[in-house]
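**Student:** entry-v9.txt is reproduced below (compact mmCIF, C-alpha atoms).
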# COMPACT_ATOMS: atom_id res chain seq x y z
CA ILE Q 1 -14.61 -36.46 -17.97
CA LEU Q 2 -13.13 -34.12 -20.50
CA ASN Q 3 -9.38 -34.22 -20.85
CA VAL Q 4 -7.11 -31.94 -22.82
CA GLU Q 5 -3.52 -33.13 -22.93
CA GLN Q 6 -0.47 -31.36 -24.21
CA SER Q 7 2.95 -32.74 -24.97
CA PRO Q 8 5.72 -32.31 -24.33
CA GLN Q 9 5.46 -30.52 -20.98
CA SER Q 10 8.58 -28.54 -21.73
CA LEU Q 11 10.93 -28.06 -24.62
CA HIS Q 12 14.34 -26.41 -24.91
CA VAL Q 13 15.54 -25.55 -28.41
CA GLN Q 14 18.29 -23.46 -29.97
CA GLU Q 15 17.54 -20.23 -31.76
CA GLY Q 16 16.77 -21.02 -35.38
CA ASP Q 17 15.40 -24.51 -34.70
CA SER Q 18 11.91 -25.34 -35.82
CA THR Q 19 9.71 -27.08 -33.32
CA ASN Q 20 6.23 -28.42 -32.81
CA PHE Q 21 4.00 -29.62 -30.02
CA THR Q 22 0.73 -31.44 -29.65
CA CYS Q 23 -2.66 -30.90 -28.11
CA SER Q 24 -4.96 -33.94 -27.76
CA PHE Q 25 -8.64 -33.61 -27.05
CA PRO Q 26 -11.77 -35.80 -27.13
CA SER Q 27 -12.87 -36.17 -30.75
CA SER Q 28 -16.57 -36.45 -29.95
CA ASN Q 29 -18.75 -33.32 -29.70
CA PHE Q 30 -16.13 -31.03 -31.14
CA TYR Q 31 -16.87 -27.31 -31.00
CA ALA Q 32 -13.55 -25.52 -31.40
CA LEU Q 33 -9.90 -25.65 -30.40
CA HIS Q 34 -8.08 -22.61 -29.06
CA TRP Q 35 -4.34 -21.95 -28.85
CA TYR Q 36 -2.96 -19.35 -26.44
CA ARG Q 37 0.52 -18.01 -25.86
CA TRP Q 38 1.43 -17.14 -22.27
CA GLU Q 39 4.61 -15.26 -21.53
CA THR Q 40 5.89 -15.13 -17.97
CA ALA Q 41 4.33 -12.33 -15.92
CA LYS Q 42 1.86 -11.53 -18.69
CA SER Q 43 -1.67 -12.61 -19.62
CA PRO Q 44 -2.45 -15.52 -21.94
CA GLU Q 45 -3.02 -14.19 -25.47
CA ALA Q 46 -5.02 -15.96 -28.14
CA LEU Q 47 -3.08 -17.23 -31.15
CA PHE Q 48 -5.70 -19.21 -33.04
CA VAL Q 49 -9.26 -20.44 -32.76
CA MET Q 50 -9.84 -23.41 -35.05
CA THR Q 51 -13.18 -24.90 -35.86
CA LEU Q 52 -12.97 -27.05 -38.99
CA ASN Q 53 -11.33 -30.41 -39.52
CA GLY Q 54 -8.24 -29.90 -41.65
CA ASP Q 55 -8.04 -26.24 -40.68
CA GLU Q 56 -4.61 -24.67 -40.92
CA LYS Q 57 -3.90 -21.27 -39.46
CA LYS Q 58 -0.76 -19.15 -39.62
CA LYS Q 59 0.53 -16.08 -37.85
CA GLY Q 60 4.05 -15.13 -38.85
CA ARG Q 61 6.35 -18.05 -38.04
CA ILE Q 62 3.68 -19.85 -35.99
CA SER Q 63 1.14 -22.15 -37.57
CA ALA Q 64 -1.35 -24.75 -36.38
CA THR Q 65 -3.24 -27.67 -37.86
CA LEU Q 66 -6.36 -29.42 -36.67
CA ASN Q 67 -7.61 -32.99 -36.95
CA THR Q 68 -11.00 -33.24 -35.28
CA LYS Q 69 -11.60 -36.87 -36.27
CA GLU Q 70 -8.58 -38.14 -34.37
CA GLY Q 71 -8.63 -35.40 -31.76
CA TYR Q 72 -5.35 -33.56 -32.09
CA SER Q 73 -3.86 -30.24 -33.08
CA TYR Q 74 -0.24 -29.40 -33.78
CA LEU Q 75 1.40 -26.04 -33.21
CA TYR Q 76 4.52 -25.36 -35.27
CA ILE Q 77 7.12 -22.66 -34.80
CA LYS Q 78 9.53 -22.15 -37.68
CA GLY Q 79 12.97 -20.72 -36.92
CA SER Q 80 12.40 -20.26 -33.18
CA GLN Q 81 13.55 -16.99 -31.65
CA PRO Q 82 14.23 -16.22 -27.96
CA GLU Q 83 11.10 -14.05 -27.91
CA ASP Q 84 9.06 -17.19 -28.70
CA SER Q 85 9.88 -18.46 -25.21
CA ALA Q 86 6.53 -18.86 -23.46
CA THR Q 87 4.00 -21.45 -22.39
CA TYR Q 88 1.66 -22.50 -25.18
CA LEU Q 89 -1.80 -23.53 -24.03
CA CYS Q 90 -4.56 -25.23 -25.90
CA ALA Q 91 -8.17 -25.05 -24.76
CA PHE Q 92 -11.28 -26.93 -25.70
CA PRO Q 93 -14.87 -25.83 -25.08
CA MET Q 94 -16.58 -28.52 -23.06
CA ASP Q 95 -19.93 -27.89 -24.69
CA SER Q 96 -21.74 -25.11 -26.48
CA SER Q 97 -21.28 -22.87 -23.47
CA TYR Q 98 -18.33 -20.58 -22.96
CA LYS Q 99 -16.48 -22.96 -20.66
CA LEU Q 100 -12.95 -23.57 -21.89
CA ILE Q 101 -11.00 -26.56 -20.58
CA PHE Q 102 -7.30 -25.77 -20.70
CA GLY Q 103 -4.40 -28.15 -21.10
CA SER Q 104 -1.42 -27.78 -18.79
CA GLY Q 105 0.65 -26.20 -21.54
CA THR Q 106 3.98 -26.75 -23.24
CA ARG Q 107 6.71 -24.55 -21.85
CA LEU Q 108 9.10 -23.52 -24.64
CA LEU Q 109 12.54 -22.08 -23.95
CA VAL Q 110 14.53 -20.86 -26.94
CA ARG Q 111 18.24 -20.43 -26.22
CA PRO Q 112 20.12 -17.71 -28.12
CA ASP L 1 -5.37 1.04 -22.95
CA THR L 2 -5.58 -2.21 -21.05
CA ALA L 3 -8.38 -4.37 -22.43
CA VAL L 4 -9.01 -6.49 -19.33
CA SER L 5 -7.68 -5.09 -16.08
CA GLN L 6 -7.66 -6.64 -12.63
CA THR L 7 -6.90 -5.05 -9.31
CA PRO L 8 -4.98 -5.63 -7.22
CA LYS L 9 -2.12 -7.42 -8.94
CA TYR L 10 -0.89 -8.82 -5.64
CA LEU L 11 -2.88 -9.47 -2.48
CA VAL L 12 -1.45 -10.79 0.76
CA THR L 13 -3.94 -11.34 3.55
CA GLN L 14 -4.52 -13.34 6.69
CA MET L 15 -6.68 -16.42 7.05
CA GLY L 16 -10.25 -15.63 7.89
CA ASN L 17 -10.31 -12.25 6.16
CA ASP L 18 -12.75 -11.25 3.42
CA LYS L 19 -11.29 -9.78 0.23
CA SER L 20 -12.37 -8.71 -3.24
CA ILE L 21 -10.65 -8.74 -6.60
CA LYS L 22 -11.98 -6.38 -9.24
CA CYS L 23 -12.09 -6.89 -12.98
CA GLU L 24 -13.04 -4.49 -15.73
CA GLN L 25 -13.02 -4.86 -19.51
CA ASN L 26 -13.28 -2.08 -22.07
CA LEU L 27 -13.79 -4.34 -25.09
CA GLY L 28 -17.57 -4.18 -25.11
CA HIS L 29 -17.77 -7.92 -24.48
CA ASP L 30 -20.88 -9.46 -22.98
CA THR L 31 -19.23 -12.46 -21.35
CA MET L 32 -16.75 -12.44 -18.48
CA TYR L 33 -15.03 -15.22 -16.56
CA TRP L 34 -12.97 -15.99 -13.51
CA TYR L 35 -10.28 -18.65 -13.79
CA LYS L 36 -8.03 -20.02 -11.07
CA GLN L 37 -4.51 -21.22 -11.81
CA ASP L 38 -4.11 -24.26 -9.61
CA SER L 39 -0.98 -25.71 -8.05
CA LYS L 40 -0.26 -27.71 -11.20
CA LYS L 41 -0.49 -24.51 -13.27
CA PHE L 42 -3.79 -25.50 -14.92
CA LEU L 43 -6.25 -22.72 -15.64
CA LYS L 44 -9.62 -23.84 -14.29
CA ILE L 45 -12.84 -21.99 -14.81
CA MET L 46 -14.72 -20.86 -11.73
CA PHE L 47 -17.52 -18.65 -13.00
CA SER L 48 -18.86 -17.12 -16.17
CA TYR L 49 -21.33 -14.28 -16.58
CA ASN L 50 -23.13 -13.28 -19.75
CA ASN L 51 -24.74 -9.85 -19.71
CA LYS L 52 -24.62 -9.76 -15.91
CA GLU L 53 -26.23 -13.21 -15.61
CA LEU L 54 -24.44 -16.18 -14.11
CA ILE L 55 -24.13 -18.94 -16.73
CA ILE L 56 -21.32 -21.13 -15.40
CA ASN L 57 -20.74 -21.90 -11.77
CA GLU L 58 -18.21 -24.66 -11.26
CA THR L 59 -17.78 -26.57 -8.03
CA VAL L 60 -16.38 -23.68 -6.10
CA PRO L 61 -16.85 -23.18 -2.33
CA ASN L 62 -19.69 -20.79 -1.66
CA ARG L 63 -17.21 -18.53 0.12
CA PHE L 64 -16.48 -17.34 -3.42
CA SER L 65 -19.15 -15.01 -4.76
CA PRO L 66 -18.92 -13.24 -8.10
CA LYS L 67 -20.73 -9.97 -8.59
CA SER L 68 -21.41 -8.27 -11.91
CA PRO L 69 -22.73 -4.72 -11.44
CA ASP L 70 -22.71 -4.22 -15.22
CA LYS L 71 -21.47 -6.17 -18.20
CA ALA L 72 -18.06 -4.45 -18.12
CA HIS L 73 -17.28 -5.54 -14.57
CA LEU L 74 -17.04 -8.88 -12.83
CA ASN L 75 -15.72 -8.77 -9.28
CA LEU L 76 -14.79 -11.75 -7.14
CA HIS L 77 -15.46 -11.62 -3.44
CA ILE L 78 -13.97 -14.25 -1.15
CA ASN L 79 -15.16 -14.71 2.43
CA SER L 80 -13.26 -16.36 5.26
CA LEU L 81 -10.09 -16.85 3.28
CA GLU L 82 -8.24 -20.14 3.75
CA LEU L 83 -4.62 -21.09 3.09
CA GLY L 84 -5.72 -23.23 0.14
CA ASP L 85 -7.19 -20.21 -1.60
CA SER L 86 -3.67 -19.00 -2.37
CA ALA L 87 -3.38 -19.01 -6.15
CA VAL L 88 -3.33 -16.73 -9.16
CA TYR L 89 -6.80 -15.67 -10.27
CA PHE L 90 -7.42 -14.55 -13.85
CA CYS L 91 -10.32 -12.59 -15.19
CA ALA L 92 -11.21 -12.90 -18.88
CA SER L 93 -13.83 -11.72 -21.33
CA SER L 94 -15.12 -12.72 -24.76
CA ARG L 95 -17.88 -11.98 -27.22
CA PRO L 96 -20.66 -14.51 -26.76
CA GLN L 97 -20.70 -15.84 -30.27
CA GLY L 98 -20.36 -19.46 -29.41
CA THR L 99 -17.26 -21.41 -28.70
CA ASN L 100 -15.13 -20.03 -31.51
CA THR L 101 -14.49 -16.68 -29.88
CA GLU L 102 -11.16 -16.12 -28.20
CA ALA L 103 -10.91 -15.07 -24.58
CA PHE L 104 -8.98 -11.97 -23.52
CA PHE L 105 -7.29 -12.29 -20.14
CA GLY L 106 -6.32 -9.87 -17.43
CA GLN L 107 -2.82 -9.92 -15.98
CA GLY L 108 -3.82 -12.02 -12.99
CA THR L 109 -4.06 -11.40 -9.26
CA ARG L 110 -1.67 -13.36 -7.07
CA LEU L 111 -3.47 -14.05 -3.81
CA THR L 112 -1.41 -15.23 -0.86
CA VAL L 113 -3.19 -16.24 2.30
CA VAL L 114 -0.97 -16.41 5.38
Translate this file's structure into structure tokens.

**Tutor:**
Amino acid sequence: ILNVEQSPQSLHVQEGDSTNFTCSFPSSNFYALHWYRWETAKSPEALFVMTLNGDEKKKGRISATLNTKEGYSYLYIKGSQPEDSATYLCAFPMDSSYKLIFGSGTRLLVRP
Amino acid sequence: DTAVSQTPKYLVTQMGNDKSIKCEQNLGHDTMYWYKQDSKKFLKIMFSYNNKELIINETVPNRFSPKSPDKAHLNLHINSLELGDSAVYFCASSRPQGTNTEAFFGQGTRLTVV
């Protein structure tokens, strides 16, 4: 059974703090690892799709790293802002099909 | 322009009714999906179509029937609605270039069965 786990479940930080959270996935049969950002009352939006061990991706103040051998990815937010408040989801394709298995997400709240 | 649009956004209906949720994408993608957000807030895949052909069909009651009239549309029809069908349903689409293509989601349809 494929399991994608995210931690922590929720996180409250002050504006300006840097933060990070984890996505764990099975390290065998790796295809890709997706990160999505999901604001309340909106649709999930893709942040990164990572495919190579050691991959690092960056978009503004948000970056992600990938370790396929040990089965984890970290998402970092530098200098958190209130507009970063959202649920961050990671997703893992179960096989070579288009079927993404989503984690339950990390809910981030950034206090002004 | 909305890339992936679902209608309606909210749907309240009685048990036993039949209802449809429509989804359209204007991204030119070949692959479309239906996901259900369960009670624990997980997004779980229900169906996937590639070029109007069903390619993923998870263990979903056969009261749920997807229909893809063309590759830009994937509608979800639900027969004999039950209380447990209450959830938020998300449509999504992607280019079918393997597993490294991101999915684009609609805004969700909140279905409430009373």

**Student:** With chain Q as the partner and 8 Å as the cut-off, tabulate the residues of chain L that qualify, each row holding the nearest pair of atoms and their distance in Å to one decimal, using all atoms listed in the file, sorted by chain and rising number, as a tab-separated table.

**Tutor:**
residue	atom	partner	partner_atom	distance
L:Lys40	CA	Q:Ser104	CA	7.7
L:Lys41	CA	Q:Ser104	CA	6.5
L:Phe42	CA	Q:Ser104	CA	5.1
L:Leu43	CA	Q:Phe102	CA	6.0
L:Lys44	CA	Q:Ile101	CA	7.0
L:Ile45	CA	Q:Lys99	CA	7.0
L:Ser48	CA	Q:Tyr98	CA	7.6
L:Ile56	CA	Q:Lys99	CA	7.4
L:Pro96	CA	Q:Tyr98	CA	7.5
L:Gly98	CA	Q:Ser96	CA	6.5
L:Thr99	CA	Q:Tyr98	CA	5.9
L:Asn100	CA	Q:Ala32	CA	5.7
L:Thr101	CA	Q:Val49	CA	7.1
L:Glu102	CA	Q:Ala46	CA	6.1
L:Ala103	CA	Q:Ala46	CA	6.9
L:Phe104	CA	Q:Glu45	CA	6.7
L:Phe105	CA	Q:Ser43	CA	5.7
L:Gly106	CA	Q:Ser43	CA	5.8
L:Gln107	CA	Q:Ser43	CA	4.7
L:Gly108	CA	Q:Ser43	CA	7.0

**Student:** My list of candidates is Q:Tyr72, Q:Val13, Q:Ser28, Q:Glu56. Which is closest to Asp84 (chain Q) when distances are computed with only C-alpha atoms?

**Tutor:** Q:Val13

**Student:** Would you list the contacts of Leu81 (chain L) as a PyMOL selection string, taking every protein, DNA or RNA residue within 6 Å and counting all atoms listed in the file, but skipping same-chain residues closer than 4 positions in sequence?

**Tutor:** chain L and resi 15-17

**Student:** May I have the selected residues written with C-alpha atoms, as an mmCIF file, in the coordinates of the input?

**Tutor:**
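Saved to selection12.cif:
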data_model
loop_
_atom_site.group_PDB
_atom_site.id
_atom_site.type_symbol
_atom_site.label_atom_id
_atom_site.label_comp_id
_atom_site.auth_asym_id
_atom_site.auth_seq_id
_atom_site.Cartn_x
_atom_site.Cartn_y
_atom_site.Cartn_z
ATOM 1 C CA MET L 15 -6.680 -16.420 7.050
ATOM 2 C CA GLY L 16 -10.250 -15.630 7.890
ATOM 3 C CA ASN L 17 -10.310 -12.250 6.160
#

**Student:** Can you tell me, as a ChimeraX atom specification, what residues are no more than 8 Å from Tyr74 (chain Q) when counting all atoms listed in the file, ignoring any on the same chain fewer than 2 positions away?

**Tutor:** /Q:20-23,64-66,72,76

**Student:** Contacts of Lys71 (chain L) at 8 Å or less, counting only C-alpha atoms, minus same-chain residues fewer than 3 places along, as a list in words?

**Tutor:**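 Final neighbour list, sorted by chain and number: His29, Asp30, Thr31, Met32, Asn50, Asn51, Lys52, Ser68 and Leu74 of chain L.
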
**Student:** Env of Asn26 (chain L): 8 Å cut, atoms = all atoms listed in the file, seq-sep filter 3 positions within chain, self excluded. Answer as a list in words.

**Tutor:**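 The neighbour list is Thr2, Ala3, Val4, His29 and Ala72 of chain L.
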
**Student:** In file coordinates, which residues lie within 8 Å of (9.7, -24.3, -23.2) using only C-alpha atoms, given as a list in words?

**Tutor:**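 Residues found, by chain and rising number: Gln9, Ser10, Leu11, His12, Val13, Ser85, Ala86, Thr87, Thr106, Arg107, Leu108, Leu109 and Val110 of chain Q.
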
**Student:** So the first atom is CA of Lys78 (chain Q) and the second is CA of Arg61 (chain Q); what is the distance between them in Å, to one decimal place?

**Tutor:**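 The value is 5.2 Å.
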
**Student:** Kindly give the distance, in Å, that separates CA of Leu54 (chain L) and CA of Ser27 (chain Q), rounded to a single decimal.

**Tutor:**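 About the pair CA of Leu54 (chain L) and CA of Ser27 (chain Q): they are 28.5 Å apart.
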
**Student:** So the first atom is CA of Trp34 (chain L) and the second is CA of Asn29 (chain Q); what is the distance between them in Å, to one decimal place?

**Tutor:**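 Going from CA of Trp34 (chain L) over to CA of Asn29 (chain Q) covers 24.4 Å.
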
**Student:** I need the residue nearest His73 (chain L) from this list: L:Val12, L:Val60, L:Leu111, L:Cys91. Use all atoms listed in the file for the distance.

**Tutor:** L:Cys91

**Student:** What's the 10 Å shell around Glu82 (chain L), counting only C-alpha atoms, without same-chain residues fewer than 6 positions away, as a VMD selection string?

**Tutor:** chain L and resid 13 to 18 63 112 to 114

**Student:** Out of L:Ile78, L:Tyr33, L:Gly28, L:Lys22, which residue has the shortest atom-to-atom distance to Arg95 (chain L) when counting all atoms listed in the file?

**Tutor:**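 Comparing L:Ile78, L:Tyr33, L:Gly28, L:Lys22 against Arg95 (chain L), the winner is L:Gly28.
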
**Student:** Using only C-alpha atoms, can you tell me which of Q:Thr19, Q:Ser63, Q:Cys90, Q:Pro112 comes closest to Asn3 (chain Q)?

**Tutor:**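 Among the listed residues, Q:Cys90 lies closest to Asn3 (chain Q).
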
**Student:** Point out the residue among L:Arg110, L:Asn79, L:Ser65, L:Ala87 with the least atom-to-atom distance to Lys19 (chain L), counting all atoms listed in the file.

**Tutor:**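 Looking only at the distances to Lys19 (chain L), the closest residue turns out to be L:Asn79.
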